[in-house]
Amino acid sequence: MKDRQLELNSNSRMKAVQSPLIPVVGEWIRQNPGTISLGQGVVSYPPPPEAIAAVTEFLADPVNHKYQAVEGIPDLRKAIEHKLNVENKITIDRDNCVVVTAGSNMAFMNAILAITSAGDEIILNTPYYFNHEMAITMANCRPVLVPTDKNYQLQPDAIAKAITSKTKAVVTISPNNPTGVVYSASDLAKVNQICRERGIYHISDEAYEYFTYEGVEHFSPASLPESESHTISLFSLSKAYGFASWRIGYMVIPQHLLMPVKKVQDTNLICPPVISQYAALGALKAGVSYCCQYLPAITLVRDDCLQRLTLIREICTVAKTAGAFYFFLKINTDISDFELAKELIQKYKVATIPGGTFGIDRGCYLRVAYGALQSDTARDGIQRLVKGLQEIV
């Protein structure tokens, strides 16, 4: 009886949070050996040699086994500031600062807990990144969903209309997960200006900043004049440097948020893993050219996947994309995306992620990730997907 009572009283906050679907898909893959995963968003290449070499440097100093600064070791923050200035045109001065985090997911949670109270609202553009929606709900806040247009581009006017007295921030992700689109600099600037005029924050997730194609360039809203006091920028080393398990990212925040963010991070983590910070410092020494050498191969995989998907345009619609390493497919069927994804694994041994987990509650959508695959494997995976959709739908 007591156990039952404890069960009823526990996890009341968590019951409102969606369950992460990627582990579910991972279990389906394990149950069906030989499945090619077009699911999780990772790259195929390893960290740069400079990152691995930096681990030896970490081990050489016994002090590194003790707690370090909550906001990150000084050398890494300095290297990040240089990178931001050169690549993103973001200047770090007395009005803003850098905080190193255990990945950009932690950076997002830091930001939400630092700027909100229970019952506040955060605007997400749909389809959204599911961990953002989960973090907002965990904080006892309410995600307010604003749809993007038919090409998954921002609708600044719709965002402005969704702002209420309870709104604390608007979240943008560019290049985008799950759609792969890159938002225009003009639309991002409009959103940033709306946030400044309304006295709310613009949270800009830029984890895929290096993954753009067809001459499209990434734009950081924090590079805009007079953006320091209301812009929160999130970055990650997970994708560009093959660093997913090292859990290192960073955030650029207004100076007035430093103490609230440090309170959150000190409570959850104390400090980002110092060994990973040393590896990150090595990765930044290698620089963006390390990632860029792999982009041509990823581009070839992308183009091949896109060409094969156009063969079934009567079955699925693929919006034009220019970033990240995702396609977001609209499937012309009454079958639920969950059941379709499950059947594709069980019968055709190819894994995708159902679109419902990204906030799409009407129609059938699948996210296809191609960044982790070599060309032959990707070709095989897409062939299985195309065959499965042709036969199921």
# chains A, B, ... in the order shown; residues from 1 in each chain; ligands from 1

call {"tool": "residues_around", "arguments": {"residues": "stretch 156-167 of chain A", "least_positions_apart": "2", "cutoff": "12 Å", "atoms": "only C-alpha atoms", "output": "JSON list (two decimals) with C-alpha atoms, in the first residue's frame"}}
result
[["chain", "number", "residue", "atom", "x", "y", "z"],
["A", 112, "ILE", "CA", 15.26, 28.48, -18.93],
["A", 115, "ILE", "CA", 15.02, 33.58, -16.78],
["A", 116, "THR", "CA", 11.68, 32.03, -15.79],
["A", 117, "SER", "CA", 9.32, 31.46, -12.90],
["A", 118, "ALA", "CA", 6.69, 28.72, -12.78],
["A", 119, "GLY", "CA", 3.86, 29.47, -15.20],
["A", 120, "ASP", "CA", 5.91, 31.60, -17.60],
["A", 121, "GLU", "CA", 5.75, 31.01, -21.35],
["A", 122, "ILE", "CA", 8.45, 30.23, -23.91],
["A", 123, "ILE", "CA", 7.70, 30.44, -27.63],
["A", 124, "LEU", "CA", 8.86, 27.50, -29.74],
["A", 125, "ASN", "CA", 8.63, 27.40, -33.52],
["A", 126, "THR", "CA", 7.23, 24.11, -34.77],
["A", 141, "CYS", "CA", 6.62, 26.65, -17.73],
["A", 142, "ARG", "CA", 4.40, 26.49, -20.79],
["A", 143, "PRO", "CA", 5.68, 26.05, -24.33],
["A", 144, "VAL", "CA", 3.71, 28.23, -26.75],
["A", 145, "LEU", "CA", 3.86, 26.74, -30.24],
["A", 146, "VAL", "CA", 4.05, 28.94, -33.33],
["A", 147, "PRO", "CA", 4.03, 27.14, -36.69],
["A", 148, "THR", "CA", 6.62, 27.85, -39.33],
["A", 149, "ASP", "CA", 5.46, 28.30, -42.94],
["A", 153, "GLN", "CA", 10.75, 29.18, -42.31],
["A", 154, "LEU", "CA", 10.03, 31.57, -39.44],
["A", 169, "ALA", "CA", 11.71, 34.15, -24.55],
["A", 170, "VAL", "CA", 11.46, 33.13, -28.19],
["A", 171, "VAL", "CA", 13.58, 30.13, -29.26],
["A", 172, "THR", "CA", 15.06, 29.79, -32.75],
["A", 183, "TYR", "CA", 16.58, 30.71, -41.26],
["A", 184, "SER", "CA", 17.28, 33.90, -43.18],
["A", 186, "SER", "CA", 16.53, 39.07, -42.06],
["A", 187, "ASP", "CA", 13.95, 36.90, -40.27],
["A", 188, "LEU", "CA", 16.32, 36.23, -37.37],
["A", 189, "ALA", "CA", 16.98, 39.95, -37.12],
["A", 190, "LYS", "CA", 13.22, 40.63, -37.07],
["A", 191, "VAL", "CA", 12.72, 38.13, -34.26],
["A", 192, "ASN", "CA", 15.63, 39.62, -32.33],
["A", 193, "GLN", "CA", 14.18, 43.11, -32.71],
["A", 194, "ILE", "CA", 10.73, 41.92, -31.59],
["A", 195, "CYS", "CA", 12.34, 40.44, -28.47],
["A", 196, "ARG", "CA", 14.21, 43.67, -27.73],
["A", 197, "GLU", "CA", 11.09, 45.79, -28.18],
["A", 198, "ARG", "CA", 8.96, 43.50, -26.01],
["A", 199, "GLY", "CA", 11.57, 43.11, -23.27],
["A", 200, "ILE", "CA", 12.01, 39.36, -23.64],
["A", 201, "TYR", "CA", 14.95, 37.10, -24.54],
["A", 202, "HIS", "CA", 15.90, 35.62, -27.88]]

call {"tool": "select_by_dssp", "arguments": {"residues": "stretch 116-339 of chain A", "states": "helix (DSSP H, G or I)", "output": "PyMOL selection string"}}
result
chain A and resi 130-138+156-162+185-198+221-223+244-246+255-268+274-286+288-292+295-312+337-339

call {"tool": "write_last_selection", "arguments": {"atoms": "C-alpha atoms", "output": "PDB file, in the first residue's frame"}}
result
ATOM      1  CA  PHE A 130      11.983  17.880 -28.467  1.00  0.00           C
ATOM      2  CA  ASN A 131      14.516  18.416 -25.646  1.00  0.00           C
ATOM      3  CA  HIS A 132      13.660  22.128 -25.653  1.00  0.00           C
ATOM      4  CA  GLU A 133       9.982  21.391 -25.113  1.00  0.00           C
ATOM      5  CA  MET A 134      10.856  18.870 -22.403  1.00  0.00           C
ATOM      6  CA  ALA A 135      13.090  21.340 -20.536  1.00  0.00           C
ATOM      7  CA  ILE A 136      10.405  24.042 -20.589  1.00  0.00           C
ATOM      8  CA  THR A 137       7.821  21.633 -19.202  1.00  0.00           C
ATOM      9  CA  MET A 138      10.229  20.387 -16.522  1.00  0.00           C
ATOM     10  CA  PRO A 156       7.923  36.803 -37.340  1.00  0.00           C
ATOM     11  CA  ASP A 157       4.443  38.333 -37.400  1.00  0.00           C
ATOM     12  CA  ALA A 158       2.933  35.153 -35.939  1.00  0.00           C
ATOM     13  CA  ILE A 159       5.642  35.091 -33.278  1.00  0.00           C
ATOM     14  CA  ALA A 160       4.865  38.697 -32.318  1.00  0.00           C
ATOM     15  CA  LYS A 161       1.137  37.900 -32.000  1.00  0.00           C
ATOM     16  CA  ALA A 162       1.890  34.948 -29.695  1.00  0.00           C
ATOM     17  CA  ALA A 185      19.360  36.587 -41.496  1.00  0.00           C
ATOM     18  CA  SER A 186      16.530  39.066 -42.056  1.00  0.00           C
ATOM     19  CA  ASP A 187      13.950  36.899 -40.270  1.00  0.00           C
ATOM     20  CA  LEU A 188      16.325  36.225 -37.368  1.00  0.00           C
ATOM     21  CA  ALA A 189      16.982  39.953 -37.120  1.00  0.00           C
ATOM     22  CA  LYS A 190      13.223  40.626 -37.071  1.00  0.00           C
ATOM     23  CA  VAL A 191      12.716  38.126 -34.260  1.00  0.00           C
ATOM     24  CA  ASN A 192      15.627  39.622 -32.328  1.00  0.00           C
ATOM     25  CA  GLN A 193      14.177  43.109 -32.712  1.00  0.00           C
ATOM     26  CA  ILE A 194      10.735  41.918 -31.587  1.00  0.00           C
ATOM     27  CA  CYS A 195      12.340  40.439 -28.468  1.00  0.00           C
ATOM     28  CA  ARG A 196      14.211  43.667 -27.733  1.00  0.00           C
ATOM     29  CA  GLU A 197      11.088  45.795 -28.176  1.00  0.00           C
ATOM     30  CA  ARG A 198       8.957  43.498 -26.006  1.00  0.00           C
ATOM     31  CA  PRO A 221      21.660  37.063 -34.002  1.00  0.00           C
ATOM     32  CA  ALA A 222      24.048  38.086 -31.180  1.00  0.00           C
ATOM     33  CA  SER A 223      26.170  39.821 -33.821  1.00  0.00           C
ATOM     34  CA  ALA A 244      28.921  13.899 -28.806  1.00  0.00           C
ATOM     35  CA  SER A 245      29.853  11.870 -25.723  1.00  0.00           C
ATOM     36  CA  TRP A 246      32.327  14.454 -24.386  1.00  0.00           C
ATOM     37  CA  GLN A 255      26.177  39.808 -18.115  1.00  0.00           C
ATOM     38  CA  HIS A 256      23.186  40.260 -15.821  1.00  0.00           C
ATOM     39  CA  LEU A 257      22.359  36.544 -16.215  1.00  0.00           C
ATOM     40  CA  LEU A 258      25.796  35.291 -15.154  1.00  0.00           C
ATOM     41  CA  MET A 259      24.982  34.799 -11.485  1.00  0.00           C
ATOM     42  CA  PRO A 260      21.589  33.103 -12.101  1.00  0.00           C
ATOM     43  CA  VAL A 261      23.224  30.765 -14.652  1.00  0.00           C
ATOM     44  CA  LYS A 262      26.097  30.001 -12.284  1.00  0.00           C
ATOM     45  CA  LYS A 263      23.582  29.102  -9.556  1.00  0.00           C
ATOM     46  CA  VAL A 264      21.886  26.636 -11.883  1.00  0.00           C
ATOM     47  CA  GLN A 265      25.094  25.115 -13.182  1.00  0.00           C
ATOM     48  CA  ASP A 266      26.751  24.877  -9.768  1.00  0.00           C
ATOM     49  CA  THR A 267      23.705  23.017  -8.452  1.00  0.00           C
ATOM     50  CA  ASN A 268      23.412  20.587 -11.370  1.00  0.00           C
ATOM     51  CA  VAL A 274      37.521  19.444 -17.003  1.00  0.00           C
ATOM     52  CA  ILE A 275      39.002  16.634 -19.091  1.00  0.00           C
ATOM     53  CA  SER A 276      36.394  17.413 -21.771  1.00  0.00           C
ATOM     54  CA  GLN A 277      37.227  21.111 -21.537  1.00  0.00           C
ATOM     55  CA  TYR A 278      40.865  20.346 -22.296  1.00  0.00           C
ATOM     56  CA  ALA A 279      39.762  18.243 -25.257  1.00  0.00           C
ATOM     57  CA  ALA A 280      37.559  21.120 -26.389  1.00  0.00           C
ATOM     58  CA  LEU A 281      40.503  23.481 -26.200  1.00  0.00           C
ATOM     59  CA  GLY A 282      42.425  21.110 -28.466  1.00  0.00           C
ATOM     60  CA  ALA A 283      39.487  20.911 -30.867  1.00  0.00           C
ATOM     61  CA  LEU A 284      39.274  24.699 -31.136  1.00  0.00           C
ATOM     62  CA  LYS A 285      42.987  24.773 -31.934  1.00  0.00           C
ATOM     63  CA  ALA A 286      42.237  22.459 -34.861  1.00  0.00           C
ATOM     64  CA  VAL A 288      36.617  24.944 -38.237  1.00  0.00           C
ATOM     65  CA  SER A 289      38.817  23.572 -41.041  1.00  0.00           C
ATOM     66  CA  TYR A 290      38.684  20.184 -39.297  1.00  0.00           C
ATOM     67  CA  CYS A 291      34.918  20.025 -39.746  1.00  0.00           C
ATOM     68  CA  CYS A 292      35.036  21.541 -43.224  1.00  0.00           C
ATOM     69  CA  LEU A 295      31.540  18.527 -45.381  1.00  0.00           C
ATOM     70  CA  PRO A 296      32.066  17.520 -49.041  1.00  0.00           C
ATOM     71  CA  ALA A 297      31.466  13.854 -48.173  1.00  0.00           C
ATOM     72  CA  ILE A 298      28.373  14.737 -46.118  1.00  0.00           C
ATOM     73  CA  THR A 299      27.155  16.903 -48.993  1.00  0.00           C
ATOM     74  CA  LEU A 300      27.472  13.979 -51.423  1.00  0.00           C
ATOM     75  CA  VAL A 301      25.451  11.770 -49.085  1.00  0.00           C
ATOM     76  CA  ARG A 302      22.879  14.549 -48.733  1.00  0.00           C
ATOM     77  CA  ASP A 303      22.535  15.043 -52.477  1.00  0.00           C
ATOM     78  CA  ASP A 304      22.253  11.310 -53.128  1.00  0.00           C
ATOM     79  CA  CYS A 305      19.574  10.929 -50.442  1.00  0.00           C
ATOM     80  CA  LEU A 306      17.626  13.887 -51.816  1.00  0.00           C
ATOM     81  CA  GLN A 307      17.759  12.557 -55.360  1.00  0.00           C
ATOM     82  CA  ARG A 308      16.429   9.158 -54.301  1.00  0.00           C
ATOM     83  CA  LEU A 309      13.642  10.696 -52.226  1.00  0.00           C
ATOM     84  CA  THR A 310      12.436  12.698 -55.223  1.00  0.00           C
ATOM     85  CA  LEU A 311      11.644   9.386 -56.914  1.00  0.00           C
ATOM     86  CA  ILE A 312       8.708   8.996 -54.518  1.00  0.00           C
ATOM     87  CA  ASP A 337       4.236   8.241 -37.820  1.00  0.00           C
ATOM     88  CA  PHE A 338       4.941   6.047 -34.773  1.00  0.00           C
ATOM     89  CA  GLU A 339       3.541   2.917 -36.405  1.00  0.00           C
TER      90      GLU A 339
END

call {"tool": "select_by_dssp", "arguments": {"residues": "stretch 117-157 of chain A", "states": "strand (DSSP E or B)", "output": "VMD selection string"}}
result
chain A and resid 121 to 126 142 to 147

call {"tool": "closest_residue", "arguments": {"among": "A:Leu344, A:Ile248, A:Val25, A:Val393", "to": "A:Ile315", "atoms": "only C-alpha atoms"}}
result
A:Val393

call {"tool": "residues_around", "arguments": {"residues": "A:Gln383", "least_positions_apart": "3", "cutoff": "10 Å", "atoms": "only C-alpha atoms", "output": "JSON, numbers by chain"}}
result
{"A": [305, 308, 309, 348, 350, 377, 378, 379, 380, 386, 387, 388, 389]}

call {"tool": "atom_distance", "arguments": {"atom1": "atom CA of A:Leu59", "atom2": "atom CA of A:Phe235"}}
result
26.3 Å

call {"tool": "closest_residue", "arguments": {"among": "A:Pro354, A:Glu209, A:Pro273, A:Asn332", "to": "A:His65", "atoms": "only C-alpha atoms"}}
result
A:Pro273

call {"tool": "closest_residue", "arguments": {"among": "A:Ala322, A:Ala139, A:Tyr294, A:Gly287", "to": "A:Val216", "atoms": "only C-alpha atoms"}}
result
A:Ala322

call {"tool": "atom_distance", "arguments": {"atom1": "atom CA of A:Asn64", "atom2": "atom CA of A:Ala114"}}
result
28.2 Å

call {"tool": "closest_residue", "arguments": {"among": "A:Ser44, A:Asn140, A:Asn176, A:Ser204", "to": "A:Phe327", "atoms": "only C-alpha atoms"}}
result
A:Asn176

call {"tool": "closest_residue", "arguments": {"among": "A:Leu373, A:Ala107, A:Ala207, A:Leu366", "to": "A:Ser220", "atoms": "only C-alpha atoms"}}
result
A:Ala207
